[in-house]
Structure formats: C-alpha cells, structure tokens
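Engineer: Below is one structure. I have some questions about it.
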Amino acid sequence: MPSRQTHASIVLSIPLLVWLIVGSKVLNLTFLISSILFVLGNLAPDYIEPSYHFTHRSFYHSQKLLKILAIFTAIAAVIWMIFKSRFFLFIVSFPTGYIIHLLMDSTTKMGLPKDSNPIGFR
C-alpha cells in the first residue's frame, strides 16, 4: 500500500514537474493556489477514512467515487478550457489530486472496492 510518504512525494512532484515543463512564467498566485488544492485533494482520502479506522477503503476510497470525480472533473475542465476562468481551475485542482490518490491506491493488493456507500446510506 502506498504510504503517506509515497503519496506526499508523488503529489508534491506533480506541480513541480508542471512548473519545470511549462516554465517559471506560471509561478504565480493561481498556480500556487491550484497546487495547494491539488495537494490537499491528494491527502483528503486518508484524512476522511484513516487507515486505522474500520471505514478505511469504504466509499471515499471506492471505484464509484473515482468515477463520479472523473466525470465532475472532466466537465469542470471543459468549462475551464472554454472560459479560462481561474475559478474552474481551482475547482479542477482538488478532485484531480483526489483522483491521483485513488489511482495510486488502486495499484495495491487491496485495490479499491467497486461499490461502497457512505456510512448511513443504503
């Protein structure tokens, strides 16, 4: 299972890689805020469902949520590309980090559960 250090190193390297590819001209407040949201999105699943808790790898680590987030992020990304609004870039950043976390977890032996509901919902 990817450890917190693995998640952190990968998620911190992605904004750095983007900065290296695109160049220093993107190092502005928008890039900084979207990078922070991306990192928070990547760390969120393990704060919502900690590994020591009985709900770990439940709804917030499921394939169902991965699909929901992928659809939401794709729609928000299209809107961002059309309108070039920072607001939609910020909206895309958090779920993108979350999706990266789930994709990393899906490569483990435990994988992601296919169908899981939030606690209290049936």
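By order of appearance in the structure tokens: chains A, B, ..., then residues from 1 within every chain, and ligands from 1 in the order shown.
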If we count only C-alpha atoms and set the cut-off at 10 Å, which residues sit around Ala74 (chain A), ignoring sequence neighbours fewer than 5 positions away in its own chain? Please answer as a list in words.
Structural biologist: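 Those residues are Leu69, Ile79, Trp80, Val92 and Thr96 of chain A.
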Engineer: Give me a file of those residues, with C-alpha atoms, as a PDB file, in the first residue's frame.
Structural biologist:
```pdb
ATOM      1  CA  LEU A  69     -14.966  12.556  -9.516  1.00  0.00           C
ATOM      2  CA  ILE A  79     -15.701  24.630 -18.774  1.00  0.00           C
ATOM      3  CA  TRP A  80     -12.278  25.893 -17.637  1.00  0.00           C
ATOM      4  CA  VAL A  92     -10.487  21.032 -11.056  1.00  0.00           C
ATOM      5  CA  THR A  96      -7.603  15.852  -9.624  1.00  0.00           C
TER       6      THR A  96
END
```
Engineer: Do a neighbour search on Gln63 (chain A) at 10 Å with only C-alpha atoms, toss out local chain neighbours closer than 5 positions, and write the hits as an mmCIF file with C-alpha atoms, in the first residue's frame.
Structural biologist:
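Result written to selection-v9.cif:
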```
data_model
loop_
_atom_site.group_PDB
_atom_site.id
_atom_site.type_symbol
_atom_site.label_atom_id
_atom_site.label_comp_id
_atom_site.auth_asym_id
_atom_site.auth_seq_id
_atom_site.Cartn_x
_atom_site.Cartn_y
_atom_site.Cartn_z
ATOM 1 C CA SER A 58 -15.028 2.394 2.043
ATOM 2 C CA ILE A 68 -18.055 10.381 -10.000
ATOM 3 C CA LEU A 69 -14.966 12.556 -9.516
ATOM 4 C CA LEU A 102 -7.319 6.771 -5.665
ATOM 5 C CA LEU A 103 -5.383 5.670 -8.751
ATOM 6 C CA SER A 106 -5.902 1.038 -6.901
ATOM 7 C CA GLY A 111 -7.282 -2.157 -4.534
ATOM 8 C CA LEU A 112 -10.454 -0.077 -4.439
ATOM 9 C CA PRO A 113 -13.859 -1.500 -3.543
ATOM 10 C CA LYS A 114 -16.262 -1.456 -6.505
ATOM 11 C CA ASP A 115 -19.407 -0.419 -4.714
ATOM 12 C CA SER A 116 -19.467 1.238 -1.371
#
```
Engineer: Rounded to one decimal, what separation in Å do you get between CA of Ile100 (chain A) and CA of Lys64 (chain A)?
Structural biologist: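 Taking CA of Ile100 (chain A) as the start and CA of Lys64 (chain A) as the end point, the length is 14.7 Å.
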Engineer: So that I can check the surroundings of Val39 (chain A), please list as a list in words every protein, DNA and RNA residue that reaches within 7 Å of it, counting only C-alpha atoms and ignoring chain neighbours fewer than 2 positions away.
Structural biologist: Val11, Leu12, Ser35, Ile36, Leu37, Gly41, Asn42, Leu43 and Gly97 of chain A
Engineer: Go ahead and write the selection's residues with N, CA and C atoms as a tab-separated table (two decimals), in the first residue's frame.
Structural biologist:
```tsv
chain	number	residue	atom	x	y	z
A	11	VAL	N	2.62	13.46	-5.03
A	11	VAL	CA	1.74	14.62	-5.21
A	11	VAL	C	2.52	15.93	-5.21
A	12	LEU	N	3.60	16.01	-4.48
A	12	LEU	CA	4.41	17.24	-4.50
A	12	LEU	C	5.25	17.34	-5.77
A	35	SER	N	-2.02	24.42	-6.91
A	35	SER	CA	-1.10	23.37	-6.42
A	35	SER	C	-1.45	22.96	-4.99
A	36	ILE	N	-1.77	23.94	-4.16
A	36	ILE	CA	-2.16	23.65	-2.78
A	36	ILE	C	-3.45	22.84	-2.76
A	37	LEU	N	-4.42	23.22	-3.59
A	37	LEU	CA	-5.68	22.47	-3.67
A	37	LEU	C	-5.44	21.06	-4.18
A	41	GLY	N	-6.27	17.76	-2.07
A	41	GLY	CA	-7.12	16.73	-2.65
A	41	GLY	C	-6.48	15.36	-2.59
A	42	ASN	N	-5.16	15.31	-2.75
A	42	ASN	CA	-4.47	14.04	-2.68
A	42	ASN	C	-4.40	13.49	-1.26
A	43	LEU	N	-4.34	14.35	-0.29
A	43	LEU	CA	-4.25	13.91	1.10
A	43	LEU	C	-5.62	13.64	1.72
A	97	GLY	N	-6.28	15.91	-7.58
A	97	GLY	CA	-5.42	15.34	-6.56
A	97	GLY	C	-6.05	14.12	-5.91
```
Engineer: What does the distance from CA of Ala70 (chain A) to CA of Ala44 (chain A) come to in Å, to one decimal?
Structural biologist: 15.9 Å
Engineer: Could you state the separation of CA of Met81 (chain A) and CA of Thr30 (chain A) in Å, given to one decimal place?
Structural biologist: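 Between CA of Met81 (chain A) and CA of Thr30 (chain A) the gap works out to 15.1 Å.
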Engineer: Neighbouring residues of Ile91 (chain A) were defined as those with any atom within 9 Å, considering only C-alpha atoms; residues of the same chain fewer than 3 positions away were excluded. Please report them as a list in words.
Structural biologist: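 Once the nearby chain positions are removed, what remains is Ser34, Leu37, Thr73, Ala76, Ala77, Arg86, Phe87, Phe88, Phe94 and Pro95 of chain A.
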Engineer: Between A:Leu29, A:Ile10, A:Ile82, A:Met110, which residue has the minimum interatomic distance to His61 (chain A), considering only C-alpha atoms?
Structural biologist: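 Once distances to His61 (chain A) are computed over only C-alpha atoms, the minimum belongs to A:Met110.
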